[in-house]
Every structure is written in C-alpha cells, then in structure tokens.
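Have a look at the structure below, then the notes.
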Amino acid sequence: MNIRYLLKMANEIAAGFSALPDEAAASREVAGHLRRFWAPQMRRQIVEHARATGGEGLSALAKRAVVELG
C-alpha cells in the first residue's frame, strides 16, 4: 500500500483521539485501533517507515502509537 496513504490515515486516526486529556492513553487508543482495524502488512509497513525515517510524515501522537506497535 502507498505509504503516503498510510501516513494520512494514521494521522487522521490520531487526530480523532487527540481530544483525550492523557497523551499516553490517546497513544494506546491509536495503537489499539491500528491493531484492530489495519491488516498486518499495513502495520508492518508503517512501523518500518517510522524506523527508517524517524516517523517522517506522522504527527507526534501517530508516531508515538506506531512506535508502540513496533
């Protein structure tokens, strides 16, 4: 899958959880969403991207959640 599309989706999911007052809880929720609804290949691809680029293109919350996945 196109990494730009995965980044966009991860950032949108993170934006939805950003209203939670606790950033750690928000990160866990985003990571949980990715685990439940993304195919393993999609998760692997975004984790590999985050490792290779330091999370380029991800919001801070999305990056934290992706790191939790890895």
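Letters for chains follow the order of the structure tokens (A, B, ...), residue numbers begin at 1 for each chain, and ligand numbers begin at 1 in the order shown.
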Write out as a ChimeraX atom specification each polymer residue whose atoms come within 7 Å of region 51-65 of chain A, counting only C-alpha atoms; drop sequence neighbours fewer than 6 positions from it.
-> /A:7,10-11,14,27-28,30-31
Backbone DSSP call of alpha helix (DSSP H) for chain A, listed as a ChimeraX atom specification | /A:3-17,23-37,40-53,60-69
Best match for closeness to Leu34 (chain A) among A:Asp22, A:Phe17, A:His49, A:Leu69, counting only C-alpha atoms | A:Leu69
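Distances here use only C-alpha atoms; by that measure, the residue among A:Ile3, A:Val47, A:Ile13, A:Val67 closest to His33 (chain A) is A:Ile13.
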Skip Leu6 (chain A) itself and residues of its chain fewer than 6 positions away, then list as a ChimeraX atom specification all residues within 9 Å of it, counting only C-alpha atoms.
-> /A:42-43,45-46
Atom pair CA of Gln41 (chain A) / CA of Gly70 (chain A): separation (Å) =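 Pair CA of Gln41 (chain A) / CA of Gly70 (chain A) returns 12.6 Å.
CA of Ala25 (chain A) to CA of Tyr5 (chain A) spans 24.6 Å [interatomic distance, one decimal].
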How many Å separate CA of Ser18 (chain A) from CA of Glu68 (chain A)?
-> 16.2 Å
